[in-house]
file upload_22.txt (compact mmCIF, C-alpha atoms)
# COMPACT_ATOMS: atom_id res chain seq x y z
CA MET C 917 202.51 167.54 131.03
CA ASN C 918 199.46 166.72 128.89
CA SER C 919 197.30 169.38 127.33
CA ASP C 920 194.19 169.62 125.15
CA LEU C 921 194.02 173.40 124.67
CA ASN C 922 191.69 174.33 121.78
CA ASN C 923 192.19 171.15 119.73
CA TRP C 924 195.92 170.96 120.44
CA ILE C 925 197.60 167.67 121.27
CA TYR C 926 200.66 168.34 123.40
CA GLN C 927 202.68 166.06 125.64
CA THR C 928 205.98 166.82 127.35
CA ASP C 929 207.78 165.72 130.48
CA ARG C 930 207.45 167.74 133.72
CA GLU C 931 210.67 169.64 133.14
CA ASN C 932 209.71 170.40 129.52
CA GLU C 933 213.06 168.98 128.38
CA VAL C 934 211.31 166.33 126.31
CA ARG C 935 208.42 166.71 123.89
CA TYR C 936 206.61 163.60 122.77
CA ILE C 937 203.68 165.07 120.82
CA LEU C 938 202.67 168.41 119.35
CA GLY C 939 199.83 168.74 116.90
CA ARG C 940 196.19 169.40 116.24
CA LYS C 941 193.23 167.07 116.54
CA GLY C 942 191.39 166.21 113.37
CA SER C 943 189.69 163.44 111.44
CA LYS C 944 192.41 163.17 108.78
CA SER C 945 195.77 163.78 110.44
CA LEU C 946 199.20 163.67 108.86
CA ILE C 947 201.68 162.25 111.35
CA CYS C 948 205.11 163.75 110.82
CA PHE C 949 208.41 162.35 112.14
CA GLY C 950 211.39 164.61 112.62
CA ILE C 951 214.60 163.91 114.52
CA ASN C 952 214.09 165.83 117.76
CA PRO C 953 211.80 168.59 119.01
CA SER C 954 212.69 172.23 119.35
CA THR C 955 211.04 174.65 121.75
CA ALA C 956 207.78 174.90 119.75
CA GLU C 957 204.55 174.74 121.74
CA PRO C 958 200.83 175.19 121.01
CA ASP C 959 200.21 178.67 119.59
CA ASN C 960 203.99 179.20 119.35
CA LEU C 961 205.15 177.15 116.37
CA ASP C 962 208.64 177.33 114.93
CA ASN C 963 209.25 177.64 111.19
CA THR C 964 209.52 173.85 110.73
CA LEU C 965 206.10 173.26 112.24
CA LYS C 966 204.60 176.14 110.29
CA SER C 967 205.82 174.32 107.15
CA VAL C 968 204.35 171.03 108.39
CA GLU C 969 201.02 172.76 108.95
CA ARG C 970 200.97 174.43 105.49
CA ILE C 971 202.05 171.32 103.56
CA SER C 972 199.59 169.11 105.44
CA LYS C 973 196.69 171.43 104.66
CA TYR C 974 197.69 171.80 101.00
CA ASN C 975 197.70 167.99 100.63
CA GLY C 976 194.19 167.52 102.01
CA PHE C 977 194.87 166.77 105.69
CA ASP C 978 192.75 168.63 108.23
CA SER C 979 195.34 168.31 110.98
CA TRP C 980 198.91 167.29 111.73
CA ILE C 981 200.80 165.64 114.56
CA MET C 982 204.53 166.07 115.06
CA LEU C 983 206.46 163.19 116.59
CA ASN C 984 210.19 162.65 116.70
CA ILE C 985 212.62 159.79 116.40
CA TYR C 986 214.19 161.02 119.64
CA PRO C 987 212.10 163.23 121.96
CA GLN C 988 214.82 165.29 123.67
CA ARG C 989 214.35 169.01 123.07
CA ALA C 990 217.42 170.56 121.49
CA THR C 991 217.40 173.67 119.35
CA LYS C 992 220.65 172.52 117.77
CA PRO C 993 221.00 168.88 116.69
CA LYS C 994 224.62 168.84 117.93
CA ASN C 995 223.16 169.08 121.46
CA ILE C 996 221.23 165.80 121.23
CA HIS C 997 222.44 163.26 123.79
CA LYS C 998 225.68 161.64 122.66
CA GLU C 999 224.46 158.30 124.00
CA LEU C 1000 220.95 156.88 123.76
CA ASP C 1001 218.82 157.38 126.87
CA THR C 1002 217.06 154.00 126.77
CA SER C 1003 214.26 154.95 129.16
CA LEU C 1004 213.49 158.07 127.12
CA HIS C 1005 213.39 156.01 123.93
CA LYS C 1006 211.10 153.39 125.49
CA LYS C 1007 208.70 156.08 126.71
CA ASN C 1008 208.69 157.64 123.23
CA LEU C 1009 207.83 154.26 121.67
CA GLU C 1010 205.03 153.72 124.18
CA ILE C 1011 203.49 157.11 123.39
CA ILE C 1012 203.88 156.60 119.62
CA SER C 1013 202.26 153.17 119.83
CA ASN C 1014 199.37 154.54 121.87
CA LEU C 1015 198.84 157.43 119.46
CA LEU C 1016 198.96 155.25 116.33
CA SER C 1017 196.52 152.74 117.83
CA ASN C 1018 193.95 155.53 118.25
CA TYR C 1019 193.80 156.29 114.52
CA SER C 1020 192.29 153.94 111.94
CA GLN C 1021 194.34 155.30 109.04
CA ASN C 1022 197.85 156.45 109.70
CA THR C 1023 199.79 158.38 107.12
CA ILE C 1024 203.31 158.95 108.38
CA TRP C 1025 205.49 161.63 106.86
CA ALA C 1026 209.21 160.78 106.95
CA ALA C 1027 210.71 164.25 107.45
CA TRP C 1028 214.03 164.02 109.26
CA GLY C 1029 216.43 165.08 106.52
CA THR C 1030 220.14 164.43 106.94
CA LEU C 1031 219.91 165.21 110.67
CA ILE C 1032 219.54 161.47 111.29
CA GLU C 1033 223.29 161.24 110.72
CA LYS C 1034 224.00 163.32 113.87
CA ARG C 1035 223.83 160.28 116.18
CA SER C 1036 224.33 156.64 115.18
CA TYR C 1037 221.61 155.40 117.56
CA LEU C 1038 218.91 157.35 115.70
CA TYR C 1039 218.70 154.65 113.00
CA SER C 1040 217.98 152.05 115.68
CA CYS C 1041 215.32 154.30 117.21
CA LEU C 1042 213.74 154.75 113.78
CA ASN C 1043 213.75 151.00 113.21
CA ASP C 1044 211.88 150.51 116.49
CA ILE C 1045 209.33 153.14 115.40
CA TYR C 1046 208.94 151.37 112.07
CA GLN C 1047 208.22 148.10 113.91
CA VAL C 1048 205.50 149.88 115.91
CA SER C 1049 204.07 151.28 112.67
CA LEU C 1050 203.74 147.76 111.22
CA ASN C 1051 201.17 146.94 113.90
CA ASN C 1052 199.08 150.01 113.10
CA ASN C 1053 198.31 149.94 109.37
CA CYS C 1054 200.64 152.85 108.57
CA LYS C 1055 201.47 154.25 105.17
CA TRP C 1056 204.84 156.03 104.96
CA ILE C 1057 205.22 159.05 102.67
CA THR C 1058 207.61 161.90 102.06
CA PHE C 1059 207.70 165.23 100.22
CA GLY C 1060 210.41 166.64 97.98
CA GLU C 1061 213.59 165.11 96.68
CA LYS C 1062 215.58 162.76 98.86
CA SER C 1063 219.19 163.53 99.72
CA ILE C 1064 222.07 161.86 97.91
CA LYS C 1065 222.08 159.17 100.63
CA GLY C 1066 218.30 158.71 100.35
CA HIS C 1067 217.23 160.66 103.44
CA PRO C 1068 213.75 162.20 103.24
CA HIS C 1069 213.53 165.97 102.92
CA HIS C 1070 213.24 168.17 106.02
CA PRO C 1071 209.95 170.21 106.04
CA LEU C 1072 211.63 173.56 106.59
CA TYR C 1073 213.01 173.63 103.06
CA LEU C 1074 209.87 172.50 101.20
CA LYS C 1075 207.40 174.54 99.19
CA THR C 1076 203.81 174.61 100.42
CA THR C 1077 202.79 173.08 97.09
CA SER C 1078 204.92 169.96 97.59
CA HIS C 1079 203.10 166.74 96.77
CA LEU C 1080 203.37 163.55 98.75
CA GLU C 1081 204.97 160.40 97.43
CA SER C 1082 205.36 156.94 98.86
CA PHE C 1083 208.42 156.33 101.06
CA ALA C 1084 209.83 152.80 101.24
CA ILE C 1085 210.86 152.92 104.90
CA ASP C 1086 211.73 149.22 104.92
CA LYS C 1087 214.25 149.63 102.06
CA TYR C 1088 215.58 152.84 103.58
CA LEU C 1089 216.32 151.11 106.89
CA LEU C 1090 218.11 148.22 105.16
CA LYS C 1091 220.81 150.69 104.06
CA TYR C 1092 221.56 151.62 107.65
call {"tool": "encode", "arguments": {"input": "upload_22.txt", "output": "structure tokens"}}
result
Amino acid sequence: MNSDLNNWIYQTDRENEVRYILGRKGSKSLICFGINPSTAEPDNLDNTLKSVERISKYNGFDSWIMLNIYPQRATKPKNIHKELDTSLHKKNLEIISNLLSNYSQNTIWAAWGTLIEKRSYLYSCLNDIYQVSLNNNCKWITFGEKSIKGHPHHPLYLKTTSHLESFAIDKYLLKY
């Protein structure tokens, strides 16, 4: 399902079990990557996306777009597929690539927290996303302190006044 309701960008599968994109259109968008989507929808944001919206605005972005390393909807990370659904991952990469190619300046917010440890295949998915980002002039950033293992901070636990800092995604991926 694709939708453009009142400046929303929203793309799911027919069954609404997968969400590829949720965000707002703008001229200076912050593209945020989490692990997997929850049940949030346009005009019905969860607390994580409310944080993404506030932090984006505070840091000078007029809009935000939420993408995920893995697009399966799961309100609890323990319910993410135990094995990688390759076709789902390929479709996610295709949509990410298409989205990034439509923006001239891409600032990507690494925002998955320690949830990336829930499934071993998530690092591989992230590496594929990073490869796509290399073709699209992307700058990776994060907010807040990184975890002990170097994972970027999850948006839910950040103050609105958090300031962006560069995120060395290439070095991060070398550890995993």
call {"tool": "residues_around", "arguments": {"input": "upload_22.txt", "residues": "C:Glu999", "least_positions_apart": "5", "cutoff": "10 Å", "atoms": "all atoms listed in the file", "output": "list in words"}}
result
Arg1035, Ser1036 and Tyr1037 of chain C
call {"tool": "closest_residue", "arguments": {"input": "upload_22.txt", "among": "C:Glu933, C:Asp1044, C:Asp978, C:Glu1061", "to": "C:Ile996", "atoms": "all atoms listed in the file"}}
result
C:Glu933
call {"tool": "closest_residue", "arguments": {"input": "upload_22.txt", "among": "C:Pro987, C:Pro958, C:Gly950, C:Gly976", "to": "C:His1067", "atoms": "only C-alpha atoms"}}
result
C:Gly950
call {"tool": "atom_distance", "arguments": {"input": "upload_22.txt", "atom1": "atom CA of C:Tyr926", "atom2": "atom CA of C:Gly1060"}}
result
27.3 Å
call {"tool": "closest_residue", "arguments": {"input": "upload_22.txt", "among": "C:Ser945, C:Thr1002, C:Thr1076, C:Thr1030", "to": "C:Leu1016", "atoms": "all atoms listed in the file"}}
result
C:Ser945
call {"tool": "residues_near_point", "arguments": {"input": "upload_22.txt", "point": "(218.1, 165.0, 111.3)", "cutoff": "8 Å", "atoms": "all atoms listed in the file", "output": "PyMOL selection string"}}
result
chain C and resi 950-952+993+1028-1034+1070
call {"tool": "closest_residue", "arguments": {"input": "upload_22.txt", "among": "C:Asn984, C:Asn1022, C:Ser979, C:Ser1063", "to": "C:Asn1051", "atoms": "all atoms listed in the file"}}
result
C:Asn1022
call {"tool": "closest_residue", "arguments": {"input": "upload_22.txt", "among": "C:Leu1009, C:Ile1045, C:Leu1050, C:Ala1084", "to": "C:Lys1062", "atoms": "only C-alpha atoms"}}
result
C:Ala1084
call {"tool": "residues_near_point", "arguments": {"input": "upload_22.txt", "point": "(215.0, 147.3, 111.3)", "cutoff": "9 Å", "atoms": "all atoms listed in the file", "output": "ChimeraX atom specification"}}
result
/C:1039-1040,1042-1044,1046-1047,1086,1089-1090,1092
call {"tool": "atom_distance", "arguments": {"input": "upload_22.txt", "atom1": "atom CA of C:Asp929", "atom2": "atom CA of C:Ile985"}}
result
16.0 Å
call {"tool": "atom_distance", "arguments": {"input": "upload_22.txt", "atom1": "atom CA of C:Glu931", "atom2": "atom CA of C:His1005"}}
result
16.7 Å
call {"tool": "closest_residue", "arguments": {"input": "upload_22.txt", "among": "C:Ser1003, C:Ser943, C:Thr964, C:Asn1008", "to": "C:Ala1027", "atoms": "only C-alpha atoms"}}
result
C:Thr964
